$ cat upload_9.pdb   # PDB, C-alpha atoms
ATOM      1  CA  MET A   1     113.715 119.316  42.274
ATOM      2  CA  LYS A   2     114.350 116.178  40.223
ATOM      3  CA  SER A   3     114.242 113.481  42.864
ATOM      4  CA  GLY A   4     111.925 110.802  41.511
ATOM      5  CA  VAL A   5     109.026 112.589  43.208
ATOM      6  CA  ASP A   6     106.568 114.717  41.277
ATOM      7  CA  ASP A   7     106.209 117.580  43.706
ATOM      8  CA  ASP A   8     104.076 119.821  41.497
ATOM      9  CA  PRO A   9     100.765 120.094  43.384
ATOM     10  CA  THR A  10      97.559 118.652  41.975
ATOM     11  CA  ASP A  11      94.011 119.438  43.138
ATOM     12  CA  GLN A  12      94.516 116.670  45.695
ATOM     13  CA  ASP A  13      97.388 118.668  47.199
ATOM     14  CA  LEU A  14      96.561 122.354  46.749
ATOM     15  CA  MET A  15      93.501 124.358  45.779
ATOM     16  CA  PHE A  16      92.747 128.060  45.905
ATOM     17  CA  ILE A  17      89.045 128.543  46.461
ATOM     18  CA  SER A  18      86.800 131.592  46.483
ATOM     19  CA  TYR A  19      84.624 132.631  49.366
ATOM     20  CA  SER A  20      81.537 131.800  47.333
ATOM     21  CA  SER A  21      82.679 128.215  46.685
ATOM     22  CA  ALA A  22      83.938 127.533  50.212
ATOM     23  CA  ARG A  23      80.768 125.875  51.496
ATOM     24  CA  SER A  24      80.369 123.526  48.533
ATOM     25  CA  THR A  25      84.075 122.576  48.625
ATOM     26  CA  LEU A  26      84.731 122.389  52.361
ATOM     27  CA  GLY A  27      81.310 121.399  53.679
ATOM     28  CA  THR A  28      79.658 122.615  56.862
ATOM     29  CA  PHE A  29      81.742 120.714  59.434
ATOM     30  CA  THR A  30      85.466 120.788  60.186
ATOM     31  CA  GLN A  31      87.837 118.750  62.324
ATOM     32  CA  ARG A  32      90.307 121.026  64.079
ATOM     33  CA  MET A  33      93.941 120.152  64.796
ATOM     34  CA  SER A  34      95.224 122.639  67.331
ATOM     35  CA  GLY A  35      98.713 124.053  67.658
ATOM     36  CA  VAL A  36     101.512 124.449  65.143
ATOM     37  CA  THR A  37     101.970 121.937  62.319
ATOM     38  CA  VAL A  38     105.229 121.931  60.332
ATOM     39  CA  LEU A  39     104.502 120.424  56.925
ATOM     40  CA  LEU A  40     107.727 119.166  55.353
ATOM     41  CA  HIS A  41     106.870 119.029  51.655
ATOM     42  CA  ASP A  42     110.285 117.634  50.787
ATOM     43  CA  PRO A  43     111.462 114.429  49.075
ATOM     44  CA  VAL A  44     113.217 111.953  51.337
ATOM     45  CA  GLN A  45     116.437 112.006  49.300
ATOM     46  CA  PHE A  46     117.236 115.295  51.037
ATOM     47  CA  MET A  47     115.529 114.663  54.361
ATOM     48  CA  ARG A  48     117.693 111.624  55.079
ATOM     49  CA  HIS A  49     120.819 113.788  55.066
ATOM     50  CA  TYR A  50     121.959 115.487  58.310
ATOM     51  CA  TYR A  51     122.935 118.780  56.651
ATOM     52  CA  HIS A  52     119.835 119.067  54.482
ATOM     53  CA  PHE A  53     117.453 118.117  57.287
ATOM     54  CA  TRP A  54     118.874 120.179  60.157
ATOM     55  CA  GLY A  55     120.928 122.774  58.293
ATOM     56  CA  GLU A  56     118.264 123.645  55.731
ATOM     57  CA  ILE A  57     114.786 122.334  56.558
ATOM     58  CA  ILE A  58     114.608 122.798  60.340
ATOM     59  CA  LEU A  59     116.984 125.760  60.662
ATOM     60  CA  GLY A  60     115.397 127.632  57.745
ATOM     61  CA  ALA A  61     111.856 126.972  58.896
ATOM     62  CA  TRP A  62     112.674 128.091  62.432
ATOM     63  CA  ARG A  63     114.338 131.300  61.220
ATOM     64  CA  VAL A  64     111.256 132.318  59.253
ATOM     65  CA  TYR A  65     108.648 131.115  61.727
ATOM     66  CA  THR A  66     110.110 132.720  64.835
ATOM     67  CA  THR A  67     110.519 136.001  62.974
ATOM     68  CA  ILE A  68     106.890 136.037  61.828
ATOM     69  CA  SER A  69     105.644 134.994  65.266
ATOM     70  CA  GLN A  70     107.462 137.809  67.048
ATOM     71  CA  ARG A  71     106.315 140.406  64.522
ATOM     72  CA  SER A  72     102.657 139.526  64.878
ATOM     73  CA  ALA A  73     100.262 141.765  66.770
ATOM     74  CA  PHE A  74     100.338 139.213  69.598
ATOM     75  CA  PRO A  75     103.888 137.785  69.908
ATOM     76  CA  LEU A  76     103.905 134.191  71.090
ATOM     77  CA  THR A  77     105.859 132.567  73.891
ATOM     78  CA  TRP A  78     108.111 129.541  73.359
ATOM     79  CA  SER A  79     105.428 127.157  74.628
ATOM     80  CA  GLU A  80     102.973 128.597  72.114
ATOM     81  CA  THR A  81     105.362 128.532  69.160
ATOM     82  CA  GLU A  82     106.674 125.022  69.792
ATOM     83  CA  PRO A  83     105.363 122.715  67.028
ATOM     84  CA  MET A  84     102.905 120.003  68.003
ATOM     85  CA  ARG A  85     103.581 117.884  64.924
ATOM     86  CA  PHE A  86     105.854 117.504  61.916
ATOM     87  CA  LEU A  87     104.052 116.067  58.893
ATOM     88  CA  MET A  88     106.168 114.351  56.189
ATOM     89  CA  PRO A  89     103.782 113.280  53.391
ATOM     90  CA  PHE A  90     106.547 111.905  51.123
ATOM     91  CA  SER A  91     108.124 109.617  53.716
ATOM     92  CA  ASP A  92     107.127 105.990  54.363
ATOM     93  CA  ASN A  93     108.357 103.665  57.107
ATOM     94  CA  GLY A  94     111.055 105.966  58.425
ATOM     95  CA  ALA A  95     112.544 106.757  55.008
ATOM     96  CA  TRP A  96     113.390 110.282  56.219
ATOM     97  CA  ARG A  97     115.869 108.955  58.798
ATOM     98  CA  ASP A  98     119.571 109.343  58.004
ATOM     99  CA  GLY A  99     122.022 106.439  57.911
ATOM    100  CA  PRO A 100     124.120 107.478  60.950
ATOM    101  CA  GLY A 101     120.909 107.800  62.988
ATOM    102  CA  VAL A 102     121.279 111.449  63.986
ATOM    103  CA  ASN A 103     118.199 113.252  62.640
ATOM    104  CA  SER A 104     115.452 111.497  64.552
ATOM    105  CA  PRO A 105     117.045 111.461  68.035
ATOM    106  CA  LEU A 106     117.857 115.160  67.695
ATOM    107  CA  MET A 107     114.240 115.859  66.764
ATOM    108  CA  ARG A 108     113.115 114.082  69.948
ATOM    109  CA  ALA A 109     115.532 116.244  71.915
ATOM    110  CA  ALA A 110     114.631 119.530  70.235
ATOM    111  CA  PHE A 111     110.853 119.017  70.130
ATOM    112  CA  PRO A 112     110.072 116.418  72.816
ATOM    113  CA  SER A 113     106.305 116.935  72.707
ATOM    114  CA  ALA A 114     105.941 116.960  68.921
ATOM    115  CA  ALA A 115     104.650 114.026  66.882
ATOM    116  CA  LEU A 116     106.679 112.947  63.849
ATOM    117  CA  GLU A 117     104.099 111.815  61.288
ATOM    118  CA  GLU A 118     104.640 110.275  57.858
ATOM    119  CA  SER A 119     102.571 109.541  54.782
ATOM    120  CA  ASP A 120     100.257 107.049  56.518
ATOM    121  CA  GLN A 121      99.037 109.747  58.920
ATOM    122  CA  TRP A 122      98.636 112.126  55.977
ATOM    123  CA  SER A 123      96.616 109.463  54.176
ATOM    124  CA  ASP A 124      94.445 108.973  57.277
ATOM    125  CA  LEU A 125      93.466 112.635  57.184
ATOM    126  CA  GLN A 126      92.551 112.373  53.497
ATOM    127  CA  LYS A 127      90.419 109.272  54.108
ATOM    128  CA  LEU A 128      88.326 111.030  56.734
ATOM    129  CA  GLY A 129      86.409 112.698  53.946
ATOM    130  CA  THR A 130      85.964 115.815  56.047
ATOM    131  CA  THR A 131      87.668 119.179  56.176
ATOM    132  CA  VAL A 132      90.585 119.232  58.620
ATOM    133  CA  VAL A 133      91.625 122.671  59.836
ATOM    134  CA  LEU A 134      95.180 123.141  61.070
ATOM    135  CA  ASP A 135      95.473 126.091  63.459
ATOM    136  CA  ARG A 136      98.914 127.182  62.282
ATOM    137  CA  VAL A 137     100.965 125.701  59.449
ATOM    138  CA  VAL A 138     104.627 126.187  58.615
ATOM    139  CA  LEU A 139     104.964 124.941  55.032
ATOM    140  CA  VAL A 140     108.481 123.952  53.985
ATOM    141  CA  ASP A 141     108.850 123.344  50.241
ATOM    142  CA  ARG A 142     112.224 122.856  48.576
ATOM    143  CA  HIS A 143     110.884 123.425  45.079
ATOM    144  CA  ALA A 144     109.415 126.793  46.065
ATOM    145  CA  ALA A 145     112.523 127.804  48.035
ATOM    146  CA  HIS A 146     114.758 127.273  45.019
ATOM    147  CA  ARG A 147     112.673 129.760  43.040
ATOM    148  CA  HIS A 148     113.839 132.540  45.367
ATOM    149  CA  PRO A 149     116.429 134.926  43.812
ATOM    150  CA  ASN A 150     118.941 134.042  46.554
ATOM    151  CA  SER A 151     119.136 130.511  45.179
ATOM    152  CA  ASN A 152     121.016 131.913  42.196
ATOM    153  CA  VAL A 153     123.597 133.362  44.583
ATOM    154  CA  TRP A 154     124.021 130.770  47.351
ATOM    155  CA  PHE A 155     122.571 127.701  45.585
ATOM    156  CA  LYS A 156     120.909 126.130  48.615
ATOM    157  CA  MET A 157     117.342 125.802  49.865
ATOM    158  CA  ILE A 158     118.076 127.812  53.026
ATOM    159  CA  ALA A 159     119.334 130.720  50.896
ATOM    160  CA  SER A 160     115.703 131.803  50.512
ATOM    161  CA  THR A 161     115.545 132.622  54.238
ATOM    162  CA  MET A 162     118.724 134.684  54.507
ATOM    163  CA  ASP A 163     116.965 137.993  53.772
ATOM    164  CA  VAL A 164     114.664 137.445  56.753
ATOM    165  CA  ASP A 165     115.631 139.821  59.558
ATOM    166  CA  ALA A 166     115.743 137.200  62.304
ATOM    167  CA  ALA A 167     116.245 138.143  65.938
ATOM    168  CA  LYS A 168     119.682 137.549  67.417
ATOM    169  CA  GLY A 169     119.733 134.201  69.176
ATOM    170  CA  PHE A 170     116.600 132.882  67.438
ATOM    171  CA  TRP A 171     118.235 129.421  67.242
ATOM    172  CA  GLU A 172     119.277 129.331  70.898
ATOM    173  CA  PRO A 173     116.071 127.727  72.281
ATOM    174  CA  ILE A 174     116.523 124.781  69.897
ATOM    175  CA  ARG A 175     120.240 124.462  70.649
ATOM    176  CA  GLN A 176     119.651 124.563  74.376
ATOM    177  CA  SER A 177     116.813 122.045  74.183
ATOM    178  CA  VAL A 178     119.022 119.546  72.343
ATOM    179  CA  VAL A 179     122.087 120.050  74.532
ATOM    180  CA  LYS A 180     120.211 119.927  77.827
ATOM    181  CA  CYS A 181     118.256 116.818  76.837
ATOM    182  CA  ILE A 182     121.392 114.902  75.874
ATOM    183  CA  LEU A 183     123.846 116.198  78.493
ATOM    184  CA  GLY A 184     121.501 117.091  81.348
ATOM    185  CA  TYR A 185     122.943 120.607  81.517
ATOM    186  CA  ILE A 186     123.970 123.464  79.211
ATOM    187  CA  PRO A 187     127.680 124.386  79.155
ATOM    188  CA  THR A 188     128.057 128.152  79.468
ATOM    189  CA  VAL A 189     130.789 130.258  77.895
ATOM    190  CA  ASN A 190     132.465 133.550  78.726
ATOM    191  CA  GLU A 191     133.195 136.424  76.334
ATOM    192  CA  GLN A 192     136.313 134.597  75.105
ATOM    193  CA  GLY A 193     134.254 131.542  74.169
ATOM    194  CA  VAL A 194     135.710 129.430  76.976
ATOM    195  CA  VAL A 195     133.348 126.929  78.569
ATOM    196  CA  LEU A 196     132.934 127.743  82.256
ATOM    197  CA  ASN A 197     132.385 124.281  83.644
ATOM    198  CA  LEU A 198     133.529 122.999  87.030
ATOM    199  CA  GLU A 199     136.057 120.554  85.592
ATOM    200  CA  ALA A 200     137.863 123.274  83.640
ATOM    201  CA  ARG A 201     138.005 125.579  86.653
ATOM    202  CA  LYS A 202     139.470 122.834  88.841
ATOM    203  CA  LYS A 203     142.230 122.215  86.316
ATOM    204  CA  GLY A 204     142.806 125.913  85.742
ATOM    205  CA  ASP A 205     142.317 125.085  82.058
ATOM    206  CA  MET A 206     140.656 128.184  80.647
ATOM    207  CA  ALA A 207     141.818 128.036  77.015
ATOM    208  CA  PRO A 208     139.243 127.823  74.198
ATOM    209  CA  LEU A 209     138.550 124.379  72.753
ATOM    210  CA  VAL A 210     139.454 123.863  69.092
ATOM    211  CA  THR A 211     137.889 120.781  67.503
ATOM    212  CA  TYR A 212     139.202 119.359  64.247
ATOM    213  CA  VAL A 213     136.453 117.281  62.599
ATOM    214  CA  SER A 214     138.491 114.726  60.681
ATOM    215  CA  ARG A 215     137.208 113.250  57.411
ATOM    216  CA  GLN A 216     140.251 111.063  56.794
ATOM    217  CA  GLY A 217     138.027 108.005  56.590
ATOM    218  CA  ALA A 218     135.834 109.577  53.880
ATOM    219  CA  GLY A 219     136.266 110.296  50.197
ATOM    220  CA  ARG A 220     136.646 114.072  50.518
ATOM    221  CA  ARG A 221     139.602 114.550  52.840
ATOM    222  CA  LEU A 222     143.010 116.140  53.271
ATOM    223  CA  THR A 223     146.146 114.532  51.961
ATOM    224  CA  LYS A 224     147.951 112.488  54.593
ATOM    225  CA  GLU A 225     150.707 115.108  54.804
ATOM    226  CA  ASP A 226     148.290 118.032  55.228
ATOM    227  CA  ASP A 227     146.240 116.190  57.825
ATOM    228  CA  GLU A 228     149.307 115.329  59.875
ATOM    229  CA  GLY A 229     150.611 118.892  59.524
ATOM    230  CA  LEU A 230     147.330 120.409  60.738
ATOM    231  CA  VAL A 231     147.146 118.072  63.725
ATOM    232  CA  ALA A 232     150.772 118.784  64.621
ATOM    233  CA  ALA A 233     150.180 122.555  64.466
ATOM    234  CA  LEU A 234     147.109 122.377  66.690
ATOM    235  CA  GLU A 235     148.869 120.094  69.163
ATOM    236  CA  GLY A 236     151.686 122.636  69.272
ATOM    237  CA  LEU A 237     149.258 125.423  70.168
ATOM    238  CA  GLU A 238     147.864 123.217  72.913
ATOM    239  CA  ARG A 239     151.332 122.617  74.374
ATOM    240  CA  GLU A 240     151.846 126.388  74.432
ATOM    241  CA  GLY A 241     148.615 126.802  76.398
ATOM    242  CA  VAL A 242     146.938 128.845  73.655
ATOM    243  CA  ILE A 243     144.121 126.354  73.028
ATOM    244  CA  ARG A 244     142.759 123.014  74.086
ATOM    245  CA  PHE A 245     142.632 120.621  71.142
ATOM    246  CA  ARG A 246     140.404 117.689  70.286
ATOM    247  CA  LEU A 247     140.684 115.500  67.194
ATOM    248  CA  ALA A 248     137.184 114.214  66.436
ATOM    249  CA  LYS A 249     136.280 111.262  64.254
ATOM    250  CA  MET A 250     132.522 111.605  64.488
ATOM    251  CA  GLU A 251     131.787 108.217  62.925
ATOM    252  CA  LYS A 252     133.540 106.559  65.886
ATOM    253  CA  MET A 253     131.697 108.571  68.551
ATOM    254  CA  ASP A 254     128.196 108.005  69.899
ATOM    255  CA  LEU A 255     125.633 110.791  69.666
ATOM    256  CA  ARG A 256     126.128 111.993  73.232
ATOM    257  CA  GLU A 257     129.888 112.309  72.723
ATOM    258  CA  GLN A 258     129.361 114.244  69.487
ATOM    259  CA  ILE A 259     126.891 116.729  70.968
ATOM    260  CA  GLU A 260     128.909 117.178  74.160
ATOM    261  CA  LEU A 261     132.023 117.988  72.157
ATOM    262  CA  ALA A 262     130.185 120.459  69.922
ATOM    263  CA  ALA A 263     128.547 122.120  72.938
ATOM    264  CA  LYS A 264     131.994 122.841  74.440
ATOM    265  CA  THR A 265     133.755 123.858  71.217
ATOM    266  CA  THR A 266     134.820 127.441  70.478
ATOM    267  CA  VAL A 267     136.481 126.869  67.084
ATOM    268  CA  MET A 268     135.472 124.052  64.727
ATOM    269  CA  VAL A 269     137.859 123.138  61.918
ATOM    270  CA  GLY A 270     137.157 120.678  59.145
ATOM    271  CA  VAL A 271     137.010 119.772  55.487
ATOM    272  CA  HIS A 272     133.702 120.678  53.836
ATOM    273  CA  GLY A 273     131.297 117.943  54.886
ATOM    274  CA  ASN A 274     128.456 116.738  57.048
ATOM    275  CA  GLY A 275     130.347 116.909  60.348
ATOM    276  CA  LEU A 276     130.391 120.712  60.228
ATOM    277  CA  THR A 277     126.612 120.636  60.740
ATOM    278  CA  HIS A 278     127.475 120.032  64.405
ATOM    279  CA  GLN A 279     128.234 123.748  64.652
ATOM    280  CA  LEU A 280     124.485 124.119  65.293
ATOM    281  CA  TRP A 281     125.151 122.872  68.841
ATOM    282  CA  MET A 282     128.198 125.110  69.480
ATOM    283  CA  PRO A 283     127.576 128.013  71.870
ATOM    284  CA  SER A 284     127.644 131.393  70.161
ATOM    285  CA  SER A 285     130.181 133.916  71.427
ATOM    286  CA  PRO A 286     132.356 136.712  70.014
ATOM    287  CA  TRP A 287     135.024 134.050  69.493
ATOM    288  CA  SER A 288     132.979 131.160  68.136
ATOM    289  CA  THR A 289     134.306 130.355  64.677
ATOM    290  CA  VAL A 290     133.996 127.719  61.963
ATOM    291  CA  MET A 291     137.061 127.225  59.769
ATOM    292  CA  GLU A 292     136.116 125.303  56.640
ATOM    293  CA  ILE A 293     138.686 123.649  54.389
ATOM    294  CA  LEU A 294     137.749 123.601  50.700
ATOM    295  CA  ARG A 295     139.384 122.724  47.409
ATOM    296  CA  PRO A 296     141.799 125.406  46.150
ATOM    297  CA  LYS A 297     140.070 128.237  44.228
ATOM    298  CA  SER A 298     136.608 126.948  45.148
ATOM    299  CA  TYR A 299     133.899 128.067  47.524
ATOM    300  CA  VAL A 300     130.426 126.912  48.517
ATOM    301  CA  PHE A 301     128.118 128.650  50.962
ATOM    302  CA  ASP A 302     126.535 125.625  52.698
ATOM    303  CA  TYR A 303     128.211 125.943  56.080
ATOM    304  CA  GLU A 304     128.705 129.707  55.953
ATOM    305  CA  MET A 305     124.917 130.058  56.024
ATOM    306  CA  LEU A 306     124.765 127.754  59.055
ATOM    307  CA  SER A 307     127.407 129.873  60.776
ATOM    308  CA  ARG A 308     125.517 133.088  60.122
ATOM    309  CA  ASN A 309     122.340 131.595  61.550
ATOM    310  CA  ALA A 310     124.014 130.049  64.595
ATOM    311  CA  GLY A 311     125.951 133.198  65.474
ATOM    312  CA  HIS A 312     129.474 132.064  64.564
ATOM    313  CA  ARG A 313     132.160 133.680  62.494
ATOM    314  CA  VAL A 314     133.287 131.739  59.451
ATOM    315  CA  ARG A 315     136.778 131.517  57.993
ATOM    316  CA  GLY A 316     137.414 129.880  54.647
ATOM    317  CA  PRO A 317     138.582 128.589  52.346
ATOM    318  CA  LEU A 318     141.631 127.184  54.053
TER
END
$ encode --input "upload_9.pdb" --output "structure tokens"
Amino acid sequence: MKSGVDDDPTDQDLMFISYSSARSTLGTFTQRMSGVTVLLHDPVQFMRHYYHFWGEIILGAWRVYTTISQRSAFPLTWSETEPMRFLMPFSDNGAWRDGPGVNSPLMRAAFPSAALEESDQWSDLQKLGTTVVLDRVVLVDRHAAHRHPNSNVWFKMIASTMDVDAAKGFWEPIRQSVVKCILGYIPTVNEQGVVLNLEARKKGDMAPLVTYVSRQGAGRRLTKEDDEGLVAALEGLEREGVIRFRLAKMEKMDLREQIELAAKTTVMVGVHGNGLTHQLWMPSSPWSTVMEILRPKSYVFDYEMLSRNAGHRVRGPL
């Protein structure tokens, strides 16, 4: 990927060695780092974006890793598969963090025991001058992923993982970890996708929640007339008791409000954009749906692939 970073490996990055040359290359002593290490071999221009970081890097890596772990001769438990560290050798001084400040807090919620290490930690390991053995490594490489045949069909890094036969609900441990950390509980849903929380039962309000993620403050947005028409239609359905409706301007909400809304949403509607990444925190049900609005006669697969992974139906273009 042309990103100002030369990501073709040199002998300082990658070597394939023979058994006969192992001793002379690796020496006779090793320093072991136990547990699972996720090595994010990705330039920061993508990592600092909510969709690319969570919707491609983390989601794609988790899809592949959990599938391999469960197919091994000795399937691992959640505590054994949970990463101990994420290594980001191309990032300095927090360069991987996104502008809205979403990526890092969500990582703390999803993987509370994992260290988030950047290029200085990577450099420390190199300066030791000894062989460091990582027990288990999940290597995430955008350049390699885009060489997969699926990239010519779906045009995204995560496309390379879509042929992996992942278990149903593979993403649920991550979703639940994030939601429970931020809210203190996990909203549950029934077969109709309605959140079964105490407040809703008290009100007798058992309609599914439809959230419209507005981008009217951004460059890519609906016309004023179409936006007003969509809001009016959804408000009409709410008055009829068919749905509950929430108009969400994510840039004006704090992180807790954003995650809480997503965790109670059954149908998410929005113009193609970053806010639809929040579908990762929606509960999956037979009714959970993402309705993406795109330019006429156009289609991109970015958020459809997220929907497939998270267990939601997708409807688009609208």
$ atom_distance --input "upload_9.pdb" --atom1 "CA of Ala218 in chain A" --atom2 "CA of Thr266 in chain A"
24.4 Å
$ residues_around --input "upload_9.pdb" --residues "range 301-303 of chain A" --least-positions-apart "4" --cutoff "12 Å" --atoms "all atoms listed in the file" --output "number ranges by chain"
A: 51-52, 54-56, 150-159, 162, 268-280, 289-294, 307-310, 312-317
$ resolve_selection --input "upload_9.pdb" --expression "the PyMOL selection byres ((chain A and resi 108) around 12)" --output "ChimeraX atom specification"
/A:83-86,102-107,109-116,174,177-179,181-182
$ closest_residue --input "upload_9.pdb" --among "A:Gln192, A:Ser298, A:Ser119, A:Gln216" --to "Met250 in chain A" --atoms "only C-alpha atoms"
A:Gln216
$ atom_distance --input "upload_9.pdb" --atom1 "CA of Asp42 in chain A" --atom2 "CA of Ile57 in chain A"
8.7 Å
$ resolve_selection --input "upload_9.pdb" --expression "the PyMOL selection byres ((chain A and resi 231-248) around 12)" --output "tab-separated table (two decimals) with C-alpha atoms, in the coordinates of the input"
chain	number	residue	atom	x	y	z
A	192	GLN	CA	136.31	134.60	75.10
A	193	GLY	CA	134.25	131.54	74.17
A	194	VAL	CA	135.71	129.43	76.98
A	195	VAL	CA	133.35	126.93	78.57
A	200	ALA	CA	137.86	123.27	83.64
A	204	GLY	CA	142.81	125.91	85.74
A	205	ASP	CA	142.32	125.08	82.06
A	206	MET	CA	140.66	128.18	80.65
A	207	ALA	CA	141.82	128.04	77.02
A	208	PRO	CA	139.24	127.82	74.20
A	209	LEU	CA	138.55	124.38	72.75
A	210	VAL	CA	139.45	123.86	69.09
A	211	THR	CA	137.89	120.78	67.50
A	212	TYR	CA	139.20	119.36	64.25
A	213	VAL	CA	136.45	117.28	62.60
A	214	SER	CA	138.49	114.73	60.68
A	215	ARG	CA	137.21	113.25	57.41
A	216	GLN	CA	140.25	111.06	56.79
A	217	GLY	CA	138.03	108.00	56.59
A	222	LEU	CA	143.01	116.14	53.27
A	224	LYS	CA	147.95	112.49	54.59
A	225	GLU	CA	150.71	115.11	54.80
A	226	ASP	CA	148.29	118.03	55.23
A	227	ASP	CA	146.24	116.19	57.82
A	228	GLU	CA	149.31	115.33	59.88
A	229	GLY	CA	150.61	118.89	59.52
A	230	LEU	CA	147.33	120.41	60.74
A	249	LYS	CA	136.28	111.26	64.25
A	250	MET	CA	132.52	111.60	64.49
A	251	GLU	CA	131.79	108.22	62.92
A	252	LYS	CA	133.54	106.56	65.89
A	253	MET	CA	131.70	108.57	68.55
A	254	ASP	CA	128.20	108.00	69.90
A	257	GLU	CA	129.89	112.31	72.72
A	258	GLN	CA	129.36	114.24	69.49
A	259	ILE	CA	126.89	116.73	70.97
A	260	GLU	CA	128.91	117.18	74.16
A	261	LEU	CA	132.02	117.99	72.16
A	262	ALA	CA	130.18	120.46	69.92
A	264	LYS	CA	131.99	122.84	74.44
A	265	THR	CA	133.76	123.86	71.22
A	266	THR	CA	134.82	127.44	70.48
A	267	VAL	CA	136.48	126.87	67.08
A	268	MET	CA	135.47	124.05	64.73
A	269	VAL	CA	137.86	123.14	61.92
A	270	GLY	CA	137.16	120.68	59.14
A	275	GLY	CA	130.35	116.91	60.35
A	276	LEU	CA	130.39	120.71	60.23
A	278	HIS	CA	127.48	120.03	64.40
$ resolve_selection --input "upload_9.pdb" --expression "the PyMOL selection byres ((chain A and resi 164) around 12)" --output "PyMOL selection string"
chain A and resi 60-68+71+150+158-163+165-168+170+309
$ atom_distance --input "upload_9.pdb" --atom1 "CA of Glu304 in chain A" --atom2 "CA of Arg220 in chain A"
18.4 Å
$ closest_residue --input "upload_9.pdb" --among "A:Trp281, A:Trp96, A:Phe46, A:Phe90" --to "Arg175 in chain A" --atoms "all atoms listed in the file"
A:Trp281
$ closest_residue --input "upload_9.pdb" --among "A:Leu134, A:Glu82, A:Met15, A:Glu117" --to "Thr30 in chain A" --atoms "all atoms listed in the file"
A:Leu134
$ closest_residue --input "upload_9.pdb" --among "A:His41, A:Asp98, A:Ala263, A:Pro286" --to "Ile186 in chain A" --atoms "all atoms listed in the file"
A:Ala263
$ closest_residue --input "upload_9.pdb" --among "A:Arg32, A:Arg48, A:His143, A:Arg136" --to "Pro100 in chain A" --atoms "only C-alpha atoms"
A:Arg48
$ closest_residue --input "upload_9.pdb" --among "A:Val38, A:Asp135, A:Ser288, A:Pro283" --to "Pro89 in chain A" --atoms "only C-alpha atoms"
A:Val38
$ residues_around --input "upload_9.pdb" --residues "Ile17 in chain A" --least-positions-apart "5" --cutoff "10 Å" --atoms "all atoms listed in the file" --output "list of chain:residue names"
A:Ala22, A:Thr25, A:Leu26
$ write_last_selection --input "upload_9.pdb" --atoms "C-alpha atoms" --output "PDB file, keeping the file's coordinate frame"
ATOM      1  CA  ALA A  22      83.938 127.533  50.212  1.00  0.00           C
ATOM      2  CA  THR A  25      84.075 122.576  48.625  1.00  0.00           C
ATOM      3  CA  LEU A  26      84.731 122.389  52.361  1.00  0.00           C
TER       4      LEU A  26
END
